[in-house]
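Participant: Following this line is target.txt, made up of compact mmCIF, C-alpha atoms:
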```txt
# COMPACT_ATOMS: atom_id res chain seq x y z
CA MET A 1 3.81 -4.59 22.88
CA VAL A 2 7.09 -3.91 24.65
CA ASN A 3 7.78 -0.41 25.89
CA ALA A 4 11.41 0.63 26.15
CA SER A 5 12.69 4.12 25.51
CA ARG A 6 16.25 2.99 24.68
CA ILE A 7 16.86 0.01 22.39
CA SER A 8 19.92 -1.27 20.54
CA LEU A 9 19.69 -3.59 17.56
CA CYS A 10 23.03 -5.31 17.13
CA ASN A 11 24.83 -7.21 14.37
CA GLY A 12 22.07 -6.87 11.74
CA ARG A 13 22.45 -5.99 8.07
CA LEU A 14 21.17 -2.45 8.03
CA ILE A 15 19.58 -1.44 4.72
CA ASP A 16 18.31 2.11 4.35
CA PRO A 17 18.02 2.97 0.65
CA ALA A 18 17.15 6.62 1.36
CA SER A 19 20.49 7.08 3.14
CA GLY A 20 22.48 4.77 0.86
CA ILE A 21 23.28 2.41 3.75
CA ASP A 22 23.76 -1.34 3.28
CA ARG A 23 26.16 -2.80 5.81
CA ILE A 24 26.42 -4.75 9.04
CA ALA A 25 25.90 -2.15 11.75
CA ASP A 26 24.34 -1.59 15.15
CA LEU A 27 21.39 0.76 15.42
CA HIS A 28 20.58 2.68 18.59
CA LEU A 29 17.16 4.14 19.39
CA ALA A 30 16.05 6.58 22.07
CA GLU A 31 12.82 8.43 22.78
CA GLY A 32 11.15 7.11 19.67
CA ARG A 33 13.84 8.18 17.23
CA VAL A 34 17.04 6.90 15.68
CA LEU A 35 19.88 8.03 17.91
CA ALA A 36 22.97 6.64 16.18
CA ILE A 37 24.31 4.08 13.74
CA GLY A 38 27.42 2.11 14.62
CA ASP A 39 29.13 2.60 18.00
CA ASP A 40 27.16 3.29 21.17
CA PRO A 41 26.86 7.03 21.81
CA GLU A 42 28.72 8.12 24.91
CA GLY A 43 26.64 7.49 28.02
CA PHE A 44 23.98 5.50 26.17
CA ARG A 45 22.66 2.46 28.07
CA PRO A 46 20.00 0.45 26.27
CA GLU A 47 17.05 -0.90 28.24
CA ARG A 48 16.76 -3.72 25.71
CA THR A 49 19.18 -5.19 23.20
CA LEU A 50 17.89 -7.12 20.16
CA ASP A 51 20.34 -9.48 18.48
CA ALA A 52 19.71 -9.07 14.74
CA ARG A 53 22.57 -11.32 13.61
CA GLY A 54 21.63 -12.88 10.26
CA LEU A 55 18.62 -10.57 9.93
CA ILE A 56 17.80 -7.53 7.78
CA VAL A 57 17.10 -4.28 9.63
CA CYS A 58 15.31 -1.72 7.47
CA PRO A 59 12.78 1.11 7.77
CA GLY A 60 9.22 0.06 8.55
CA PHE A 61 7.14 -0.42 5.42
CA VAL A 62 4.75 2.29 4.20
CA ASP A 63 1.62 0.97 2.50
CA LEU A 64 -0.31 3.40 0.29
CA CYS A 65 -3.60 1.50 0.26
CA ALA A 66 -4.99 -0.82 2.92
CA ARG A 67 -8.65 -0.98 3.80
CA LEU A 68 -9.33 -1.37 7.51
CA ARG A 69 -13.14 -1.55 7.07
CA GLU A 70 -13.82 0.55 10.17
CA PRO A 71 -16.03 2.50 10.53
CA GLY A 72 -19.02 0.87 8.92
CA HIS A 73 -17.90 -2.59 7.80
CA GLU A 74 -16.72 -4.17 11.03
CA GLN A 75 -18.17 -7.54 9.98
CA LYS A 76 -15.21 -7.70 7.56
CA ALA A 77 -12.43 -6.30 9.75
CA THR A 78 -11.54 -3.60 12.25
CA ILE A 79 -8.78 -1.07 12.76
CA ALA A 80 -7.56 -3.26 15.64
CA SER A 81 -7.41 -6.49 13.63
CA GLU A 82 -5.81 -5.00 10.53
CA THR A 83 -3.23 -2.79 12.24
CA ARG A 84 -2.22 -5.84 14.24
CA ALA A 85 -1.80 -7.69 10.94
CA ALA A 86 0.19 -4.74 9.59
CA ALA A 87 2.56 -4.90 12.57
CA ALA A 88 3.06 -8.63 11.98
CA SER A 89 3.94 -7.77 8.37
CA GLY A 90 6.57 -5.09 9.09
CA ILE A 91 4.21 -2.29 8.04
CA THR A 92 4.46 0.72 10.35
CA THR A 93 2.47 3.26 8.31
CA LEU A 94 -0.55 2.68 6.11
CA CYS A 95 -2.91 4.92 4.21
CA CYS A 96 -6.56 3.87 4.22
CA PRO A 97 -8.96 4.92 1.42
CA PRO A 98 -11.98 7.06 2.32
CA ASP A 99 -14.69 4.53 1.34
CA THR A 100 -15.72 3.81 4.91
CA LEU A 101 -19.23 4.27 6.30
CA PRO A 102 -19.53 7.17 6.87
CA VAL A 103 -17.11 8.29 4.18
CA ILE A 104 -13.95 10.11 5.30
CA ASP A 105 -15.19 13.42 3.94
CA THR A 106 -15.25 15.39 7.20
CA PRO A 107 -12.59 16.11 9.82
CA ALA A 108 -14.62 14.19 12.42
CA VAL A 109 -14.41 10.87 10.56
CA ALA A 110 -10.73 11.40 9.72
CA GLN A 111 -9.94 12.08 13.37
CA LEU A 112 -11.94 9.03 14.47
CA VAL A 113 -9.84 6.73 12.27
CA HIS A 114 -6.56 8.39 13.23
CA GLN A 115 -7.28 8.48 16.96
CA THR A 116 -8.53 4.88 17.08
CA ALA A 117 -5.33 3.66 15.44
CA GLU A 118 -3.21 5.86 17.71
CA ARG A 119 -4.93 4.48 20.81
CA LEU A 120 -4.36 0.88 19.69
CA GLY A 121 -0.73 1.63 18.87
CA TYR A 122 0.09 -1.12 16.34
CA ALA A 123 0.60 1.05 13.24
CA ARG A 124 0.41 4.64 12.12
CA VAL A 125 -2.78 5.13 10.07
CA LEU A 126 -3.04 8.08 7.70
CA PRO A 127 -6.59 8.39 6.34
CA ALA A 128 -7.02 9.63 2.79
CA GLY A 129 -9.67 12.32 2.68
CA ALA A 130 -12.43 12.10 0.10
CA VAL A 131 -12.18 14.38 -2.94
CA THR A 132 -15.95 14.76 -3.19
CA GLN A 133 -18.69 14.61 -0.60
CA GLY A 134 -19.89 11.05 -0.08
CA LEU A 135 -17.56 10.01 -2.94
CA GLU A 136 -20.47 10.88 -5.21
CA GLY A 137 -18.40 12.89 -7.67
CA ARG A 138 -20.47 16.06 -7.47
CA LYS A 139 -19.50 18.44 -4.65
CA ILE A 140 -15.91 18.98 -3.54
CA THR A 141 -15.07 18.43 0.13
CA GLU A 142 -13.51 20.95 2.51
CA MET A 143 -9.99 19.90 1.61
CA ALA A 144 -8.19 22.33 3.89
CA ALA A 145 -10.12 21.03 6.90
CA LEU A 146 -9.32 17.42 5.94
CA LYS A 147 -5.64 18.28 5.65
CA GLN A 148 -5.70 19.89 9.08
CA ALA A 149 -7.43 16.78 10.47
CA GLY A 150 -4.47 14.62 9.41
CA CYS A 151 -5.29 13.54 5.83
CA PRO A 152 -2.00 13.73 3.88
CA VAL A 153 -3.68 12.98 0.53
CA LEU A 154 -7.09 12.99 -1.13
CA SER A 155 -8.76 10.07 -2.88
CA GLN A 156 -11.97 8.86 -4.48
CA ALA A 157 -11.10 5.27 -3.50
CA ASP A 158 -12.28 3.17 -6.46
CA ARG A 159 -15.07 5.57 -7.47
CA PRO A 160 -13.64 7.86 -10.17
CA ILE A 161 -15.23 11.22 -10.89
CA ARG A 162 -17.17 10.96 -14.16
CA ASN A 163 -17.54 14.70 -14.71
CA ALA A 164 -14.27 16.14 -16.06
CA GLN A 165 -15.21 19.66 -14.97
CA VAL A 166 -15.66 18.50 -11.36
CA GLN A 167 -12.34 16.67 -11.64
CA ARG A 168 -10.63 19.81 -12.88
CA ARG A 169 -12.05 21.97 -10.08
CA ALA A 170 -11.08 19.35 -7.51
CA LEU A 171 -7.49 19.25 -8.77
CA GLU A 172 -7.27 23.05 -8.77
CA TYR A 173 -8.58 23.18 -5.20
CA ALA A 174 -6.21 20.43 -4.04
CA ALA A 175 -3.25 22.21 -5.64
CA THR A 176 -4.12 25.33 -3.64
CA PHE A 177 -3.49 23.41 -0.42
CA GLY A 178 -0.53 21.36 -1.68
CA LEU A 179 -2.46 18.09 -1.46
CA THR A 180 -1.68 15.10 -3.65
CA VAL A 181 -4.73 13.46 -5.22
CA PHE A 182 -4.79 9.66 -5.47
CA LEU A 183 -6.60 8.58 -8.62
CA HIS A 184 -7.95 5.15 -9.48
CA PRO A 185 -7.41 5.09 -13.26
CA ARG A 186 -10.67 3.62 -14.54
CA ASP A 187 -13.28 4.99 -16.89
CA GLN A 188 -16.48 3.78 -15.27
CA ASP A 189 -18.51 3.75 -18.46
CA LEU A 190 -15.99 1.69 -20.42
CA GLY A 191 -15.65 -0.79 -17.56
CA GLU A 192 -19.34 -0.89 -16.63
CA GLY A 193 -20.37 -4.35 -15.45
CA GLY A 194 -16.96 -5.92 -16.08
CA CYS A 195 -15.17 -8.15 -13.60
CA VAL A 196 -12.10 -9.44 -15.51
CA HIS A 197 -9.72 -8.21 -18.20
CA GLU A 198 -11.39 -8.05 -21.59
CA GLY A 199 -9.47 -10.50 -23.73
CA ARG A 200 -8.84 -14.13 -24.41
CA MET A 201 -9.79 -15.41 -20.95
CA SER A 202 -12.94 -13.31 -20.58
CA THR A 203 -14.18 -14.71 -23.90
CA ARG A 204 -13.27 -18.26 -22.96
CA LEU A 205 -14.91 -18.05 -19.54
CA GLY A 206 -17.92 -16.05 -20.66
CA LEU A 207 -17.25 -13.29 -18.11
CA PRO A 208 -17.90 -9.57 -18.74
CA GLY A 209 -14.65 -7.77 -19.45
CA ILE A 210 -12.96 -4.50 -18.52
CA PRO A 211 -10.91 -3.31 -21.52
CA GLU A 212 -7.42 -1.86 -21.36
CA ALA A 213 -8.94 1.39 -22.64
CA SER A 214 -10.86 1.74 -19.38
CA GLU A 215 -7.50 2.49 -17.74
CA THR A 216 -5.75 4.34 -20.55
CA VAL A 217 -8.64 6.72 -21.27
CA ALA A 218 -8.70 7.65 -17.56
CA VAL A 219 -4.93 8.06 -17.44
CA ALA A 220 -4.99 10.33 -20.49
CA ARG A 221 -7.73 12.54 -19.06
CA ASP A 222 -6.14 12.79 -15.62
CA LEU A 223 -2.67 13.58 -16.97
CA ALA A 224 -4.15 16.32 -19.18
CA LEU A 225 -5.98 17.82 -16.19
CA ALA A 226 -2.91 17.57 -13.96
CA GLU A 227 -0.89 19.42 -16.59
CA GLN A 228 -3.62 22.03 -16.95
CA THR A 229 -4.02 22.65 -13.22
CA GLY A 230 -0.49 22.04 -11.94
CA ALA A 231 -1.89 19.62 -9.36
CA ARG A 232 0.10 16.69 -8.05
CA ILE A 233 -1.59 13.37 -8.86
CA HIS A 234 -0.76 9.79 -8.03
CA PHE A 235 -2.15 6.82 -9.95
CA ARG A 236 -3.14 4.21 -7.38
CA GLY A 237 -2.78 0.73 -8.86
CA LEU A 238 -1.81 0.89 -12.52
CA SER A 239 -2.35 -2.41 -14.32
CA THR A 240 -1.53 -2.00 -18.02
CA ALA A 241 1.63 -1.61 -20.08
CA ARG A 242 0.11 1.31 -21.95
CA GLY A 243 -0.93 3.05 -18.74
CA VAL A 244 2.59 3.03 -17.27
CA ALA A 245 4.08 4.11 -20.62
CA MET A 246 1.74 7.12 -20.67
CA LEU A 247 2.74 8.02 -17.11
CA ALA A 248 6.45 7.74 -17.94
CA GLU A 249 6.07 9.96 -20.99
CA ALA A 250 4.18 12.58 -18.98
CA ARG A 251 6.82 12.54 -16.26
CA ARG A 252 9.49 13.24 -18.88
CA ARG A 253 7.49 16.38 -19.70
CA ARG A 254 7.58 17.20 -15.98
CA VAL A 255 3.89 16.60 -15.32
CA ASN A 256 3.62 16.27 -11.55
CA ALA A 257 2.44 12.66 -11.49
CA SER A 258 3.51 9.36 -9.96
CA GLY A 259 2.19 5.83 -9.81
CA ASP A 260 2.29 2.58 -7.88
CA VAL A 261 1.42 -1.05 -8.51
CA SER A 262 -0.42 -3.58 -6.37
CA LEU A 263 1.96 -6.44 -5.61
CA HIS A 264 -0.37 -9.16 -6.86
CA GLN A 265 -0.33 -7.55 -10.33
CA LEU A 266 3.39 -8.39 -10.52
CA PHE A 267 2.75 -12.14 -10.21
CA LEU A 268 -0.78 -13.00 -11.36
CA THR A 269 -2.29 -12.68 -14.84
CA GLU A 270 -5.62 -13.36 -16.53
CA ALA A 271 -4.49 -16.98 -16.91
CA ASP A 272 -5.00 -17.43 -13.15
CA LEU A 273 -8.75 -17.00 -13.72
CA ALA A 274 -8.99 -20.37 -15.46
CA GLY A 275 -10.60 -22.11 -12.47
CA PHE A 276 -13.04 -19.25 -11.73
CA ASP A 277 -11.08 -18.63 -8.51
CA ALA A 278 -12.92 -15.78 -6.77
CA ASN A 279 -9.66 -14.89 -5.01
CA CYS A 280 -8.55 -13.62 -8.44
CA HIS A 281 -11.55 -11.27 -8.70
CA LEU A 282 -9.70 -7.97 -8.46
CA ILE A 283 -10.24 -4.37 -9.54
CA PRO A 284 -8.31 -3.39 -11.58
CA PRO A 285 -8.45 -6.87 -13.06
CA LEU A 286 -5.53 -9.18 -13.66
CA ARG A 287 -4.22 -8.33 -17.10
CA THR A 288 -2.05 -10.14 -19.66
CA LEU A 289 1.44 -11.58 -19.22
CA ALA A 290 2.77 -8.72 -21.36
CA ASP A 291 1.14 -6.21 -18.99
CA ARG A 292 2.62 -7.98 -15.97
CA ASP A 293 6.10 -7.91 -17.49
CA ALA A 294 5.72 -4.23 -18.39
CA LEU A 295 4.72 -3.42 -14.81
CA ARG A 296 7.81 -5.24 -13.55
CA ALA A 297 10.03 -3.34 -15.97
CA ALA A 298 8.48 0.00 -15.00
CA LEU A 299 9.07 -0.78 -11.34
CA ALA A 300 12.71 -1.65 -12.05
CA ARG A 301 13.22 1.60 -14.02
CA GLY A 302 11.64 3.69 -11.28
CA ASP A 303 8.66 4.76 -13.40
CA LEU A 304 6.53 3.25 -10.63
CA ALA A 305 7.71 4.60 -7.29
CA ALA A 306 6.00 2.24 -4.88
CA ILE A 307 4.66 -1.25 -4.30
CA CYS A 308 1.32 -1.41 -2.51
CA SER A 309 -0.57 -4.23 -0.77
CA ASP A 310 -4.05 -3.04 -1.86
CA HIS A 311 -5.31 -4.98 1.16
CA GLN A 312 -9.08 -5.60 1.11
CA PRO A 313 -10.25 -7.99 3.85
CA HIS A 314 -13.65 -9.65 3.37
CA ASP A 315 -16.00 -11.75 5.43
CA ALA A 316 -16.30 -15.46 4.57
CA ASP A 317 -19.43 -15.10 2.41
CA ALA A 318 -18.01 -12.41 0.12
CA LYS A 319 -16.29 -14.89 -2.19
CA LEU A 320 -18.94 -17.65 -2.26
CA ALA A 321 -21.29 -16.36 -4.98
CA PRO A 322 -20.85 -16.93 -8.74
CA PHE A 323 -17.66 -15.15 -9.88
CA PRO A 324 -19.19 -11.87 -11.20
CA GLU A 325 -21.19 -11.46 -7.98
CA THR A 326 -18.28 -11.97 -5.57
CA ALA A 327 -16.58 -9.01 -3.90
CA PRO A 328 -13.30 -7.95 -5.51
CA GLY A 329 -10.12 -7.79 -3.46
CA ILE A 330 -7.86 -9.97 -1.34
CA SER A 331 -6.08 -9.91 2.01
CA SER A 332 -2.51 -9.00 1.25
CA LEU A 333 -0.74 -7.38 4.19
CA GLU A 334 1.00 -10.54 5.33
CA THR A 335 2.30 -11.53 1.92
CA LEU A 336 3.74 -8.07 1.17
CA LEU A 337 7.28 -8.79 2.37
CA PRO A 338 7.70 -12.36 1.02
CA LEU A 339 6.30 -11.44 -2.40
CA ALA A 340 8.60 -8.41 -2.57
CA LEU A 341 11.50 -10.76 -1.77
CA ARG A 342 10.26 -13.07 -4.54
CA LEU A 343 10.74 -10.14 -6.95
CA VAL A 344 14.34 -10.00 -5.74
CA ALA A 345 14.78 -13.76 -6.21
CA GLU A 346 13.40 -13.47 -9.75
CA GLY A 347 15.80 -10.64 -10.62
CA VAL A 348 13.21 -7.88 -11.00
CA LEU A 349 14.78 -5.71 -8.27
CA ASP A 350 17.78 -5.94 -6.00
CA LEU A 351 17.11 -6.09 -2.27
CA SER A 352 17.76 -2.40 -1.69
CA GLY A 353 15.46 -1.50 -4.58
CA ALA A 354 12.64 -3.66 -3.23
CA ILE A 355 12.96 -2.12 0.23
CA GLU A 356 13.08 1.38 -1.27
CA ARG A 357 9.75 0.82 -3.02
CA LEU A 358 8.23 -0.32 0.26
CA THR A 359 9.65 2.54 2.34
CA ALA A 360 11.11 5.81 1.05
CA GLY A 361 9.22 5.64 -2.27
CA PRO A 362 5.71 5.55 -0.80
CA ALA A 363 6.71 7.90 2.05
CA ALA A 364 7.72 10.55 -0.49
CA ILE A 365 4.35 10.18 -2.24
CA LEU A 366 2.62 10.82 1.10
CA GLY A 367 4.93 13.77 1.75
CA ARG A 368 5.95 12.41 5.15
CA ASN A 369 9.39 12.12 6.75
CA LEU A 370 9.17 8.35 7.03
CA GLY A 371 10.80 5.33 5.43
CA ARG A 372 14.38 6.20 6.42
CA LEU A 373 16.69 5.57 9.37
CA ALA A 374 19.05 8.54 9.60
CA PRO A 375 19.75 9.91 13.12
CA GLY A 376 16.75 11.94 14.24
CA ASP A 377 14.26 10.06 12.07
CA PRO A 378 11.28 8.22 13.61
CA ALA A 379 12.35 4.80 14.88
CA ASP A 380 9.98 2.81 12.66
CA LEU A 381 11.69 -0.46 11.81
CA CYS A 382 11.12 -3.85 10.26
CA VAL A 383 13.55 -6.61 11.22
CA PHE A 384 13.14 -9.75 9.13
CA ASP A 385 14.73 -13.09 8.39
CA PRO A 386 15.17 -13.23 4.60
CA GLY A 387 15.72 -16.98 4.60
CA GLU A 388 12.88 -18.30 6.75
CA THR A 389 10.24 -20.19 4.81
CA TRP A 390 6.59 -20.47 5.81
CA ILE A 391 3.20 -21.20 4.29
CA PRO A 392 0.31 -18.77 4.81
CA THR A 393 -3.05 -20.39 5.55
CA ALA A 394 -6.45 -19.04 6.49
CA GLU A 395 -5.80 -20.25 10.04
CA THR A 396 -2.45 -18.50 10.42
CA LEU A 397 -3.29 -15.06 8.96
CA VAL A 398 -3.54 -12.33 11.57
CA SER A 399 -5.91 -10.31 9.37
CA ARG A 400 -9.63 -10.95 9.70
CA GLY A 401 -9.71 -11.39 5.93
CA HIS A 402 -8.69 -14.89 4.84
CA HIS A 403 -8.99 -14.67 1.05
CA SER A 404 -5.81 -14.79 -1.02
CA PRO A 405 -4.66 -16.66 -4.12
CA PHE A 406 -1.29 -17.07 -2.39
CA LEU A 407 -2.56 -19.26 0.47
CA GLY A 408 -0.78 -22.60 0.55
CA GLN A 409 2.25 -21.33 -1.36
CA GLU A 410 5.68 -21.46 0.24
CA MET A 411 6.86 -17.97 1.16
CA ARG A 412 10.41 -16.93 1.97
CA GLY A 413 11.00 -14.04 4.37
CA ARG A 414 9.43 -13.53 7.79
CA VAL A 415 9.19 -10.56 10.12
CA VAL A 416 10.91 -11.07 13.47
CA TRP A 417 10.36 -7.65 15.06
CA THR A 418 8.44 -4.53 14.11
CA LEU A 419 9.08 -1.28 15.94
CA LEU A 420 6.85 1.79 15.77
CA GLY A 421 8.25 4.98 17.23
CA GLY A 422 10.88 2.95 19.07
CA ARG A 423 8.36 0.52 20.61
CA VAL A 424 8.29 -3.18 19.79
CA VAL A 425 4.77 -3.68 18.42
CA PHE A 426 5.37 -7.17 17.02
CA GLU A 427 7.70 -9.95 18.07
CA LYS A 428 7.69 -13.36 16.38
CA GLN A 429 7.09 -16.17 18.79
CA GLY A 430 9.07 -19.42 18.63
```
Hey, can you dump this file as structure tokens for me?
Facilitator:
Amino acid sequence: MVNASRISLCNGRLIDPASGIDRIADLHLAEGRVLAIGDDPEGFRPERTLDARGLIVCPGFVDLCARLREPGHEQKATIASETRAAAASGITTLCCPPDTLPVIDTPAVAQLVHQTAERLGYARVLPAGAVTQGLEGRKITEMAALKQAGCPVLSQADRPIRNAQVQRRALEYAATFGLTVFLHPRDQDLGEGGCVHEGRMSTRLGLPGIPEASETVAVARDLALAEQTGARIHFRGLSTARGVAMLAEARRRRVNASGDVSLHQLFLTEADLAGFDANCHLIPPLRTLADRDALRAALARGDLAAICSDHQPHDADAKLAPFPETAPGISSLETLLPLALRLVAEGVLDLSGAIERLTAGPAAILGRNLGRLAPGDPADLCVFDPGETWIPTAETLVSRGHHSPFLGQEMRGRVVWTLLGGRVVFEKQG
């Protein structure tokens, strides 16, 4: 990491969707914040100048869901390894779910995660506090204390609350403290034992399925409770056409709800399960081509406000068992930028729209003044070469997790520098 209190980035294409900026311009940083755009302020002398000619300069990415595995699962990854991978990926802020060991259901655990990341200094980590104690779905946590300890949102990770009365009380309590609740839209009973989308491929492969209704039943219940309580909810990782349509309809009625999509859901479908590839074992499961196209359309319309990595690093053995017994999830921090740029290449979003859904969109969901580069804002930046091609392999990933269905594919777009609070925390070598 390079420490310099005054930095100028010159000749880059500055894209800041939140401020409506897309032009060639210099950017000047001082004391961890954006000082000016364009000409040097009078008396300003940079300690370091970065030549961004031919590069894109944009706000650092904000990732709404990345598991760091620490505390409790350090055999898979650590805060150090995964925040280093985040920095290499242009991600300056990430939100980690509370399903650590121990669970992030007390201020002490929240502070441990936050302080460890702060000491390492590669990325800003915002822990999501648990909605219920131990994520068991029975007793509500001390939400006010979690908020004070630095948890900007609450979550049950991927363990939905079965009891609707507990869910209602939790939403009412969260609304009292102005906390957004992240919800994983899955009815556990309908999806019990399933590992893939229930449909043509599950029948063909003989694998237990998770029906579309597992998501839509949960979405319907949670939207009804959000409307009843006035709570703000966010659907973490929608996967079905019907689910996003229900969200859009509720938003038109001014229900205080939002949603995001995991980036792999915008490229992969149930057809990718044909070879029993355990890297395609994901929860929610890969759905149909029609679902994928509906998710893309919802993202383009703005019905989905953010793109998320849903990063889940695993140890080597986690994907070696028969498909239903493997651990779901993939490593996805380092493919976040190139896959987002692939959406641009395929005409799903324009470049500014893709960057917006990686920056200002998720930052607004977290309720934090991040993801923008106006003077006075935190100097969190990603500087990338949109034309550089590269191929991710297990050997080249910075993350400790090496499982991804995108390994071996040519990627376009590579991070050159990442700055966090005005400090260079990643610099591409060579």
Participant: Which residues come within 9 Å of Glu410 of chain A, counting only C-alpha atoms, excluding same-chain residues fewer than 6 positions away, as number ranges by chain?
Facilitator: A: 389-392
Participant: Using all atoms listed in the file, what residues lie at most 10 Å away from (-10.7, 23.1, -17.8) (file coordinates), given as JSON, numbers by chain?
Facilitator: {"A": [164, 165, 166, 167, 168, 169, 172, 224, 225, 228, 229]}
Participant: Using all atoms listed in the file, find the one residue out of A:Cys58, A:Val103, A:Ala30, A:Ala327 that sits nearest to Thr418 of chain A.
Facilitator: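 For Thr418 of chain A, the nearest of the given residues is A:Cys58.
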Participant: Calculate how many Å separate atom CA of Asp26 of chain A from atom CA of Arg45 of chain A, rounding to one decimal.
Facilitator: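 Atom CA of Asp26 of chain A sits 13.6 Å away from atom CA of Arg45 of chain A.
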Participant: Would you mind telling me which residue in A:Cys280, A:Leu366, A:Val196, A:Leu320 lies nearest to Pro152 of chain A when using all atoms listed in the file?
Facilitator: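 Closest candidate: A:Leu366.
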Participant: Go through A:Leu407, A:Cys195, A:Ala110, A:Ala294 one by one, measure the shortest atom-to-atom distance of each to Pro324 of chain A using all atoms listed in the file, and give the residue with the smallest value.
Facilitator: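 Using all atoms listed in the file, Pro324 of chain A sits closest to A:Cys195.
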Participant: Taking (15.9, -14.2, 5.5) in the file's own coordinates, collect the residues within 7 Å, counting all atoms listed in the file, and hand them back as number ranges by chain.
Facilitator: A: 55, 384-388, 413-414
Participant: Which residue gives the smallest distance to Gln133 of chain A among A:His314, A:Arg119, A:His184, A:Arg159, with only C-alpha atoms counted?
Facilitator: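 When distances to Gln133 of chain A are compared using only C-alpha atoms, the smallest one comes from A:Arg159.
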Participant: Got a sec: who's within 7 Å of Leu282 of chain A, counting only C-alpha atoms, leaving out chain neighbours fewer than 4 positions off, as a VMD selection string?
Facilitator: chain A and resid 286 328 to 329
Participant: Taking into account all atoms listed in the file, which residue in the set A:Ala213, A:Ile24, A:Ala257, A:Ile37 is nearest to Gly199 of chain A?
Facilitator: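 With all atoms listed in the file as the atom set, the closest residue is A:Ala213.
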Participant: So that each row is one residue of segment 212-284 of chain A with an atom at most 8 Å from segment 303-310 of chain A, can you give its shortest atom pair and the distance in Å to one decimal, using only C-alpha atoms, rows by chain and rising number, as CSV?
Facilitator:
```
residue,atom,partner,partner_atom,distance
A:Gly237,CA,A:Cys308,CA,7.9
A:Val244,CA,A:Asp303,CA,7.4
A:Leu247,CA,A:Asp303,CA,7.7
A:Ala248,CA,A:Asp303,CA,5.9
A:Ser258,CA,A:Leu304,CA,6.8
A:Gly259,CA,A:Leu304,CA,5.1
A:Asp260,CA,A:Ala306,CA,4.8
A:Val261,CA,A:Ile307,CA,5.3
A:Ser262,CA,A:Cys308,CA,4.8
A:Leu263,CA,A:Ser309,CA,5.9
A:His264,CA,A:Ser309,CA,7.8
```
Participant: What's around Glu136 of chain A at 9 Å? Count only C-alpha atoms, leave out sequence neighbours fewer than 4 positions away in its own chain, and write the answer as a PyMOL selection string.
Facilitator: chain A and resi 132+156+159-161
Participant: Leaving out Leu179 of chain A and any residue of its chain fewer than 5 positions from it, which residues lie within 12 Å of it when counting all atoms listed in the file, given as a ChimeraX atom specification?
Facilitator: /A:128-131,143-148,150-155,170-174,230-234,256,365-367
